[in-house]
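Peer 1: Contents are CSV, C-alpha atoms; file name entry.csv:
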chain,number,residue,atom,x,y,z
A,1,MET,CA,104.3,98.9,74.8
A,2,SER,CA,101.3,96.6,74.8
A,3,ASP,CA,98.1,97.4,76.7
A,4,ALA,CA,97.2,95.3,79.7
A,5,VAL,CA,94.1,93.2,78.8
A,6,LEU,CA,91.9,92.2,81.7
A,7,PRO,CA,88.9,90.0,81.8
A,8,ASP,CA,85.5,91.7,81.5
A,9,SER,CA,84.8,90.8,85.1
A,10,ILE,CA,87.5,93.2,86.3
A,11,ARG,CA,87.4,97.0,86.1
A,12,VAL,CA,90.1,99.4,87.4
A,13,LEU,CA,89.3,102.9,88.6
A,14,GLU,CA,92.5,104.8,88.1
A,15,ARG,CA,92.9,108.3,89.6
A,16,GLY,CA,96.1,109.9,90.9
A,17,TRP,CA,98.2,109.5,94.0
A,18,LEU,CA,95.9,110.7,96.8
A,19,SER,CA,93.4,108.0,96.0
A,20,SER,CA,94.6,104.5,95.3
A,21,ASN,CA,93.1,102.6,92.4
A,22,ASN,CA,89.8,100.9,93.1
A,23,VAL,CA,89.5,97.5,91.5
A,24,LEU,CA,85.9,96.3,90.9
A,25,LEU,CA,85.4,92.6,90.3
A,26,PHE,CA,82.0,91.3,89.1
A,27,ASP,CA,80.3,88.0,90.0
A,28,GLY,CA,76.9,88.0,88.2
A,29,ALA,CA,74.7,90.4,90.0
A,30,GLU,CA,77.2,91.0,92.8
A,31,ALA,CA,80.5,92.9,92.9
A,32,ALA,CA,83.5,93.3,95.2
A,33,VAL,CA,85.9,96.3,95.3
A,34,ILE,CA,89.5,96.3,96.3
A,35,ASP,CA,90.6,99.5,98.1
A,36,SER,CA,88.5,102.7,98.5
A,37,GLY,CA,90.7,105.7,97.9
A,38,TYR,CA,91.3,108.8,100.1
A,39,VAL,CA,88.7,110.1,102.5
A,40,SER,CA,88.2,113.5,100.9
A,41,HIS,CA,87.4,111.8,97.6
A,42,GLY,CA,84.7,109.7,99.1
A,43,ASP,CA,81.7,111.3,97.2
A,44,GLN,CA,83.4,110.8,93.9
A,45,THR,CA,84.4,107.3,94.7
A,46,VAL,CA,80.8,106.4,95.5
A,47,ALA,CA,79.7,108.0,92.2
A,48,LEU,CA,82.4,106.2,90.2
A,49,VAL,CA,81.7,102.8,91.8
A,50,ARG,CA,78.0,103.2,91.2
A,51,GLU,CA,78.7,104.1,87.6
A,52,LEU,CA,80.7,100.9,87.1
A,53,LEU,CA,78.3,98.7,89.1
A,54,GLY,CA,75.6,99.2,86.5
A,55,GLY,CA,72.9,97.9,88.9
A,56,ARG,CA,75.0,95.2,90.4
A,57,ARG,CA,75.1,95.0,94.2
A,58,LEU,CA,78.4,95.8,96.0
A,59,THR,CA,78.7,93.1,98.6
A,60,ARG,CA,82.3,93.2,99.6
A,61,LEU,CA,85.2,95.7,100.1
A,62,ILE,CA,88.6,94.2,100.5
A,63,ASN,CA,91.8,96.2,101.5
A,64,THR,CA,95.3,95.4,100.3
A,65,HIS,CA,96.7,97.3,103.3
A,66,SER,CA,95.8,99.9,105.9
A,67,HIS,CA,97.1,103.3,104.5
A,68,SER,CA,94.9,106.4,104.2
A,69,ASP,CA,94.8,106.3,100.4
A,70,HIS,CA,93.5,102.8,100.4
A,71,ILE,CA,91.0,102.8,103.3
A,72,GLY,CA,89.8,106.4,103.2
A,73,GLY,CA,86.5,105.5,101.5
A,74,ASN,CA,85.8,102.4,103.5
A,75,ALA,CA,83.2,104.0,105.8
A,76,THR,CA,81.5,105.9,103.0
A,77,LEU,CA,81.3,102.8,100.7
A,78,GLN,CA,79.9,100.7,103.5
A,79,ARG,CA,77.3,103.3,104.5
A,80,THR,CA,76.2,103.7,100.9
A,81,PHE,CA,76.2,100.2,99.6
A,82,GLY,CA,76.0,98.1,102.8
A,83,CYS,CA,79.1,96.0,101.8
A,84,SER,CA,81.1,94.0,104.2
A,85,ILE,CA,84.7,95.0,104.8
A,86,THR,CA,87.6,92.5,104.8
A,87,VAL,CA,91.1,93.6,105.8
A,88,PRO,CA,94.4,91.7,106.0
A,89,ALA,CA,94.2,89.7,109.3
A,90,GLY,CA,97.2,91.6,110.7
A,91,MET,CA,95.2,94.8,110.5
A,92,ILE,CA,92.3,93.7,112.6
A,93,PRO,CA,93.5,94.8,116.0
A,94,THR,CA,94.8,98.1,114.6
A,95,VAL,CA,91.5,98.9,112.9
A,96,ALA,CA,89.4,97.7,115.9
A,97,ALA,CA,91.3,100.1,118.2
A,98,TRP,CA,91.5,102.7,115.5
A,99,ASP,CA,95.2,103.2,116.4
A,100,GLU,CA,96.0,106.4,114.4
A,101,ASP,CA,99.7,106.0,115.1
A,102,ALA,CA,99.8,102.4,113.7
A,103,LEU,CA,97.6,103.3,110.8
A,104,LEU,CA,100.1,106.1,110.0
A,105,LEU,CA,97.5,108.7,110.1
A,106,SER,CA,98.9,110.8,113.0
A,107,THR,CA,102.4,109.5,112.1
A,108,ALA,CA,102.3,111.0,108.7
A,109,ALA,CA,99.8,113.8,109.2
A,110,GLN,CA,97.1,112.2,107.1
A,111,ALA,CA,93.3,111.9,107.5
A,112,GLY,CA,90.9,109.0,107.6
A,113,GLU,CA,87.4,107.9,108.7
A,114,ARG,CA,87.0,105.1,111.2
A,115,PHE,CA,85.3,102.0,110.0
A,116,HIS,CA,84.5,98.5,111.3
A,117,ALA,CA,86.2,95.6,109.7
A,118,ASP,CA,83.9,92.5,109.4
A,119,HIS,CA,86.5,89.9,108.4
A,120,GLY,CA,90.2,89.3,108.4
A,121,LEU,CA,92.0,87.6,105.5
A,122,HIS,CA,95.1,85.6,106.2
A,123,ALA,CA,98.1,85.1,103.9
A,124,GLY,CA,97.8,81.7,102.3
A,125,GLY,CA,94.1,81.9,102.1
A,126,SER,CA,92.1,82.3,98.9
A,127,ILE,CA,89.2,84.5,97.9
A,128,GLU,CA,86.8,84.4,95.0
A,129,MET,CA,86.3,87.7,93.1
A,130,GLY,CA,85.4,88.4,89.5
A,131,GLU,CA,84.7,84.8,88.7
A,132,LEU,CA,88.3,84.0,89.6
A,133,VAL,CA,90.0,82.4,92.6
A,134,TRP,CA,92.7,84.6,94.1
A,135,GLN,CA,95.5,83.5,96.4
A,136,ALA,CA,96.2,86.0,99.2
A,137,MET,CA,100.0,86.4,99.6
A,138,ALA,CA,101.8,88.2,102.4
A,139,ALA,CA,103.5,91.3,100.9
A,140,PRO,CA,105.3,93.0,103.8
A,141,GLY,CA,107.7,96.0,103.1
A,142,HIS,CA,105.6,99.1,102.4
A,143,ASP,CA,103.1,97.9,105.0
A,144,MET,CA,104.1,94.9,107.1
A,145,ASP,CA,100.6,93.4,107.1
A,146,ALA,CA,99.9,94.0,103.4
A,147,LEU,CA,98.5,91.4,101.1
A,148,VAL,CA,98.6,91.0,97.3
A,149,PHE,CA,96.2,88.9,95.3
A,150,HIS,CA,97.3,86.5,92.6
A,151,ASN,CA,95.2,84.5,90.1
A,152,PRO,CA,97.4,81.9,88.5
A,153,ASP,CA,94.9,81.0,85.7
A,154,ARG,CA,94.8,84.4,84.2
A,155,ARG,CA,98.2,85.3,85.5
A,156,ILE,CA,97.1,88.5,87.1
A,157,LEU,CA,98.6,90.1,90.2
A,158,ILE,CA,96.8,92.8,92.3
A,159,SER,CA,99.8,94.3,93.9
A,160,GLY,CA,98.7,97.2,96.1
A,161,ASP,CA,101.7,99.3,96.9
A,162,ALA,CA,104.2,96.4,97.0
A,163,LEU,CA,105.0,96.8,93.3
A,164,TRP,CA,104.3,99.6,90.9
A,165,ARG,CA,105.4,100.1,87.3
A,166,ASP,CA,108.2,102.3,88.7
A,167,GLY,CA,109.0,101.4,92.3
A,168,PHE,CA,106.9,100.7,95.4
A,169,GLY,CA,105.4,102.5,98.4
A,170,ILE,CA,107.5,104.1,101.1
A,171,LEU,CA,109.2,101.6,103.4
A,172,PHE,CA,107.7,103.1,106.5
A,173,ALA,CA,109.1,100.5,109.0
A,174,GLU,CA,112.6,101.1,107.7
A,175,VAL,CA,112.3,104.8,107.7
A,176,LEU,CA,110.7,104.9,111.2
A,177,GLY,CA,113.1,102.2,112.6
A,178,THR,CA,110.3,99.9,113.6
A,179,GLY,CA,111.2,96.9,111.4
A,180,ASP,CA,113.2,95.4,108.6
A,181,GLY,CA,111.3,97.1,105.7
A,182,ILE,CA,114.1,96.6,103.1
A,183,GLY,CA,114.5,92.9,103.9
A,184,ALA,CA,110.8,92.4,103.9
A,185,ALA,CA,110.3,94.2,100.6
A,186,ARG,CA,113.1,92.2,99.0
A,187,ARG,CA,111.5,88.9,100.1
A,188,THR,CA,108.1,90.2,98.8
A,189,LEU,CA,109.6,91.1,95.4
A,190,GLU,CA,111.4,87.8,95.2
A,191,ALA,CA,108.1,86.0,95.9
A,192,ILE,CA,106.3,88.0,93.3
A,193,ALA,CA,109.1,87.2,90.8
A,194,ARG,CA,108.5,83.5,91.3
A,195,LEU,CA,104.8,83.8,90.4
A,196,PRO,CA,103.4,83.4,86.9
A,197,VAL,CA,102.2,86.9,86.2
A,198,ASP,CA,101.4,88.6,82.8
A,199,VAL,CA,99.5,91.6,84.1
A,200,VAL,CA,99.9,93.6,87.3
A,201,ILE,CA,97.1,95.8,88.6
A,202,PRO,CA,99.0,98.2,90.9
A,203,GLY,CA,97.7,100.3,93.7
A,204,HIS,CA,98.5,103.5,91.7
A,205,GLY,CA,98.9,104.0,88.0
A,206,ALA,CA,97.7,102.0,85.0
A,207,PRO,CA,97.7,98.2,84.9
A,208,PHE,CA,100.9,97.0,83.1
A,209,VAL,CA,102.4,94.0,81.4
A,210,GLU,CA,106.1,94.9,81.7
A,211,VAL,CA,106.4,92.8,84.8
A,212,ASP,CA,110.1,91.9,84.5
A,213,ASP,CA,111.1,95.5,83.9
A,214,ALA,CA,109.0,96.7,86.9
A,215,LEU,CA,110.7,94.1,89.1
A,216,ALA,CA,114.2,95.1,87.9
A,217,ARG,CA,113.4,98.7,88.7
A,218,ALA,CA,112.0,97.8,92.1
A,219,PHE,CA,115.1,95.7,93.0
A,220,GLY,CA,117.3,98.5,91.8
A,221,ARG,CA,115.6,101.1,94.0
A,222,LEU,CA,115.8,98.7,96.9
A,223,ARG,CA,119.6,98.4,96.4
A,224,ALA,CA,119.9,102.2,96.2
A,225,PHE,CA,118.0,102.6,99.4
A,226,GLU,CA,120.1,100.0,101.1
A,227,GLU,CA,123.4,101.6,100.0
A,228,ASP,CA,122.2,105.1,100.9
A,229,GLY,CA,119.6,105.5,103.7
A,230,SER,CA,119.5,109.3,103.2
A,231,ARG,CA,118.1,108.8,99.7
A,232,MET,CA,115.4,106.6,101.2
A,233,ALA,CA,114.6,109.2,103.9
A,234,ARG,CA,114.5,112.1,101.5
A,235,ASN,CA,112.3,110.1,99.2
A,236,ALA,CA,109.9,109.3,102.0
A,237,ILE,CA,109.7,112.9,103.2
A,238,ARG,CA,109.3,114.2,99.7
A,239,ALA,CA,106.6,111.7,98.8
A,240,CYS,CA,104.6,112.2,102.1
A,241,VAL,CA,104.8,116.0,102.0
A,242,THR,CA,103.7,115.9,98.3
A,243,PHE,CA,100.8,113.6,99.3
A,244,SER,CA,99.8,116.1,102.0
A,245,LEU,CA,100.1,119.0,99.6
A,246,LEU,CA,97.7,117.2,97.2
A,247,ASP,CA,95.3,117.0,100.1
A,248,VAL,CA,95.5,120.5,101.6
A,249,ARG,CA,96.7,122.2,98.4
A,250,SER,CA,98.7,124.8,100.2
A,251,ILE,CA,101.1,124.9,103.2
A,252,ALA,CA,102.3,127.9,105.2
A,253,LEU,CA,106.1,128.2,104.8
A,254,ASP,CA,106.4,129.9,108.2
A,255,GLY,CA,105.3,126.8,110.1
A,256,LEU,CA,107.0,124.2,107.8
A,257,ALA,CA,110.1,123.6,109.9
A,258,GLU,CA,108.0,123.2,113.0
A,259,HIS,CA,105.6,120.9,111.1
A,260,LEU,CA,108.4,118.7,109.9
A,261,HIS,CA,109.7,118.4,113.5
A,262,SER,CA,106.2,117.6,114.9
A,263,VAL,CA,105.2,114.9,112.5
A,264,PRO,CA,106.8,111.6,113.6
A,265,LEU,CA,107.6,110.3,110.1
A,266,TYR,CA,109.6,113.4,109.1
A,267,ARG,CA,111.2,113.8,112.5
A,268,GLU,CA,112.4,110.2,112.6
A,269,ALA,CA,113.5,110.1,108.9
A,270,ASN,CA,115.6,113.2,109.6
A,271,ALA,CA,117.0,112.0,112.9
A,272,ARG,CA,117.9,108.5,111.7
A,273,PHE,CA,119.3,109.3,108.2
A,274,LEU,CA,119.8,113.1,107.6
A,275,GLY,CA,120.7,114.9,110.8
A,276,LEU,CA,119.6,118.3,109.6
A,277,SER,CA,118.1,121.1,111.6
A,278,PRO,CA,114.3,121.4,111.0
A,279,GLU,CA,115.0,124.7,109.2
A,280,ALA,CA,117.6,123.1,106.9
A,281,LEU,CA,115.3,120.2,106.2
A,282,ALA,CA,112.5,122.7,105.3
A,283,ASP,CA,114.8,124.7,103.0
A,284,TRP,CA,115.9,121.5,101.2
A,285,LEU,CA,112.4,120.3,100.9
A,286,VAL,CA,110.9,123.5,99.5
A,287,ALA,CA,113.7,123.8,96.9
A,288,ASP,CA,113.4,120.2,96.0
A,289,LEU,CA,109.6,120.2,95.5
A,290,ILE,CA,109.8,123.4,93.4
A,291,ARG,CA,112.6,121.9,91.3
A,292,ALA,CA,110.6,118.7,90.8
A,293,GLY,CA,107.6,120.8,89.6
A,294,VAL,CA,105.4,119.5,92.4
A,295,ALA,CA,104.9,122.8,94.1
A,296,ARG,CA,105.3,126.5,93.6
A,297,ARG,CA,105.9,129.4,96.0
A,298,SER,CA,103.4,132.2,96.4
A,299,GLY,CA,104.3,134.7,99.1
A,300,ASN,CA,104.7,132.8,102.3
A,301,ARG,CA,102.9,129.7,101.1
A,302,LEU,CA,103.8,126.6,99.2
A,303,LEU,CA,101.1,125.6,96.7
A,304,ALA,CA,100.4,122.4,94.9
A,305,VAL,CA,101.1,122.9,91.2
B,306,MET,CA,104.7,105.3,77.9
B,307,THR,CA,101.0,105.2,77.9
B,308,VAL,CA,98.9,108.4,77.9
B,309,ALA,CA,99.0,109.8,81.4
B,310,SER,CA,95.8,110.3,83.4
B,311,PRO,CA,94.9,114.0,83.7
B,312,CYS,CA,93.9,113.4,87.4
B,313,ILE,CA,95.4,116.1,89.6
B,314,ASN,CA,94.0,114.7,92.9
B,315,ILE,CA,91.1,117.1,93.2
B,316,CYS,CA,88.5,114.3,92.8
B,317,ARG,CA,85.2,116.1,93.3
B,318,MET,CA,82.3,116.2,90.8
B,319,ASN,CA,80.7,119.6,90.1
B,320,ALA,CA,76.9,119.3,90.1
B,321,ASP,CA,76.4,122.1,87.6
B,322,THR,CA,78.9,121.0,85.0
B,323,GLY,CA,78.8,117.3,85.6
B,324,LEU,CA,82.5,117.3,85.4
B,325,CYS,CA,85.3,116.6,87.9
B,326,GLU,CA,86.5,120.0,89.3
B,327,GLY,CA,90.1,118.7,89.0
B,328,CYS,CA,90.5,117.0,85.6
B,329,PHE,CA,87.3,118.2,83.8
B,330,ARG,CA,86.3,114.7,82.9
B,331,SER,CA,82.8,113.2,83.1
B,332,LEU,CA,82.1,110.4,85.5
B,333,ASP,CA,82.0,107.9,82.6
B,334,GLU,CA,85.3,109.3,81.2
B,335,ILE,CA,87.0,108.7,84.6
B,336,ALA,CA,85.4,105.4,85.2
B,337,SER,CA,86.4,104.0,81.7
B,338,TRP,CA,89.8,105.6,81.5
B,339,SER,CA,91.8,102.5,82.2
B,340,ARG,CA,90.0,100.5,79.5
B,341,HIS,CA,90.6,103.0,76.7
B,342,GLY,CA,93.4,102.8,74.2
B,343,ASP,CA,95.8,105.7,73.7
B,344,GLY,CA,93.7,107.1,70.8
B,345,GLU,CA,90.6,107.5,72.9
B,346,LYS,CA,92.6,108.8,75.9
B,347,ARG,CA,94.0,111.5,73.6
B,348,ARG,CA,90.5,112.3,72.4
B,349,ILE,CA,89.4,112.8,76.0
B,350,LEU,CA,92.4,115.0,76.8
B,351,ASP,CA,91.5,117.2,73.7
B,352,ALA,CA,88.0,117.5,75.0
B,353,VAL,CA,89.2,118.3,78.4
B,354,ALA,CA,91.4,121.1,77.0
B,355,GLN,CA,88.4,122.5,75.1
B,356,ARG,CA,86.2,122.4,78.3
B,357,ARG,CA,88.9,124.2,80.3
B,358,ALA,CA,89.2,126.9,77.7
B,359,ALA,CA,85.4,127.3,77.4
B,360,LEU,CA,85.1,127.6,81.2
B,361,GLY,CA,88.0,130.1,81.3
B,362,VAL,CA,90.3,127.9,83.3
B,363,THR,CA,93.9,129.0,82.6
B,364,SER,CA,96.1,127.2,85.1
B,365,ASP,CA,97.8,124.2,83.6
B,366,ALA,CA,98.2,121.9,86.6
B,367,ALA,CA,99.9,118.7,85.6
B,368,PRO,CA,99.5,115.2,86.9
B,369,LEU,CA,102.4,114.2,89.0
B,370,ALA,CA,104.0,111.3,90.7
B,371,PRO,CA,105.4,112.0,94.2
B,372,THR,CA,108.0,109.4,94.0
B,373,GLU,CA,111.6,109.7,93.1
B,374,GLN,CA,112.6,108.4,89.7
B,375,PRO,CA,115.4,105.8,89.9
Go ahead and express the file in the form of structure tokens.

Peer 2:
Amino acid sequence: MSDAVLPDSIRVLERGWLSSNNVLLFDGAEAAVIDSGYVSHGDQTVALVRELLGGRRLTRLINTHSHSDHIGGNATLQRTFGCSITVPAGMIPTVAAWDEDALLLSTAAQAGERFHADHGLHAGGSIEMGELVWQAMAAPGHDMDALVFHNPDRRILISGDALWRDGFGILFAEVLGTGDGIGAARRTLEAIARLPVDVVIPGHGAPFVEVDDALARAFGRLRAFEEDGSRMARNAIRACVTFSLLDVRSIALDGLAEHLHSVPLYREANARFLGLSPEALADWLVADLIRAGVARRSGNRLLAV
Amino acid sequence: MTVASPCINICRMNADTGLCEGCFRSLDEIASWSRHGDGEKRRILDAVAQRRAALGVTSDAAPLAPTEQP
């Protein structure tokens, strides 16, 4: 493989899955950052951003979409650096009302800190960051209001969770039955495939240059989800519980079935695609997470490995 | 496949050691990770292993991806 080479005006802070990547873009003495990580990592996010700023002033924070692993550090970064916050225009009412259901916080049992969005960015608009002009493109699927940012000159795509090296983020609308997540994701991938792109900076994982292969894998996974909704549902439950486990580090097995029944995402995924009793769902999940090496059992608790 | 990040999602700096409590990297090592080639990433992983041993940390938590492989 060849390494993704980015201009000096772009730096990518890559951590794991609980915190999205933070992309810093430098314009002389000023800087912008795309996405802010998970709320519990806020102090380290501030320290890492300060390290990379090297004395520059952080003036803008821009979000690709509204999920907890991308907006969790918004309030902290704004308090610390005084930056403005720009969100996809479709997110504005949700953020203003701090609708924890629509933000998927209560829906998926995740945490966040309320913030005030200063600006909304529309698809089709452009934004200057890192001495480059980026086109904001609608990228519905994982999040129906999501944006990706494309610079045609340097052929770079900042893809959020619309496209990763191996897949894409959970298609929440499809799993919850609130929208055509699969159709939207397909149209988003098709739109990305038409763009001139040499390097993708994803929302999680290292920047990559194998764009065609990533698109082929994403289309393949989409087909698999379309053919077998239970696979999509199991994937969503597994991914979200793993995410929670990374956050809380340990879950009581006694209450797991009840938890799976009380959190809307798990309840809907099960009701719409699996039809298992909460106990059977919990049993499958525990076995599956242990088999995948994501968790281990200790007494009556499930621990993050 | 490129060298995987050692991040285990416990992203918290320890004031005494100056290292992340999850991955045992310094702020600079985390901040610069994505710009390093595989050789430098491996050097950091070796240093991390030595720090863990020196600090008596025995668990070998691995980085993970919570998504299904296709």

Peer 1: Could you list, as a PyMOL selection string, every residue within 7 Å of segment 311-328 of chain B, counting all atoms listed in the file and ignoring same-chain residues fewer than 3 positions away?

Peer 2: (chain A and resi 15-18+41+44+246) or (chain B and resi 331-332+367-368)

Peer 1: Create the file for the chosen residues now, containing C-alpha atoms and written as a short mmCIF file (atom, residue, chain, number, x, y, z; two decimals), in the frame of the given file.

Peer 2:
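Saved the output as selection_31.cif:
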data_model
loop_
_atom_site.label_atom_id
_atom_site.label_comp_id
_atom_site.auth_asym_id
_atom_site.auth_seq_id
_atom_site.Cartn_x
_atom_site.Cartn_y
_atom_site.Cartn_z
CA ARG A 15 92.90 108.30 89.60
CA GLY A 16 96.10 109.90 90.90
CA TRP A 17 98.20 109.50 94.00
CA LEU A 18 95.90 110.70 96.80
CA HIS A 41 87.40 111.80 97.60
CA GLN A 44 83.40 110.80 93.90
CA LEU A 246 97.70 117.20 97.20
CA SER B 331 82.80 113.20 83.10
CA LEU B 332 82.10 110.40 85.50
CA ALA B 367 99.90 118.70 85.60
CA PRO B 368 99.50 115.20 86.90
#

Peer 1: In Å, rounded to a single decimal, give me how far atom CA of Ala352 of chain B is from atom CA of Trp164 of chain A.

Peer 2: 29.0 Å

Peer 1: So how far away is atom CA of Arg301 of chain A from atom CA of Ser250 of chain A, in Å?

Peer 2: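 Taking atom CA of Ser250 of chain A and atom CA of Arg301 of chain A, their separation equals 6.5 Å.
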
Peer 1: So that I can check the surroundings of segment 201-211 of chain A, please list as a ChimeraX atom specification every protein, DNA and RNA residue that reaches within 9 Å of it, counting all atoms listed in the file and ignoring chain neighbours fewer than 2 positions away.

Peer 2: /A:1-6,12,14-17,19-23,35,64,70,156-165,193,197-199,213-216 /B:307,309-310,339

Peer 1: If we count only C-alpha atoms and set the cut-off at 8 Å, which residues sit around Ile237 of chain A, ignoring sequence neighbours fewer than 4 positions away in its own chain? Please answer as an MDAnalysis selection string.

Peer 2: chainID A and resid 233 241 265:266 269

Peer 1: Considering all atoms listed in the file, return as a ChimeraX atom specification whatever protein or nucleic-acid residues lie within 12 Å of His122 of chain A, sequence-local ones (same chain, fewer than 5 positions apart) excluded.

Peer 2: /A:64,86-92,127,135-139,145-149

Peer 1: Figure out the distance between atom CA of Glu51 of chain A and atom CA of His119 of chain A, please, to one decimal in Å.

Peer 2: 26.4 Å

Peer 1: Could you name the residues that touch Ile290 of chain A at 10 Å or less, counting all atoms listed in the file, but leaving out those on the same chain fewer than 4 positions away, as a list of chain:residue names?

Peer 2: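 Near neighbours after the sequence-gap exclusion: A:Leu285, A:Val286, A:Val294, A:Ala295, A:Arg296, A:Arg297, A:Leu302, A:Leu303, A:Ala304, A:Val305.
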
Peer 1: Between B:Arg348, B:Val308, B:Ala336, B:Phe329, which is the closest to chain A once you count only C-alpha atoms?

Peer 2: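 Among the listed residues, B:Ala336 lies closest to chain A.
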
Peer 1: Looking at A:Met144, A:Val200, A:Leu276, A:Leu289, which one is nearest to Leu245 of chain A, with distances taken over all atoms listed in the file?

Peer 2: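 Residue with the minimum atom-to-atom distance to Leu245 of chain A: A:Leu289.
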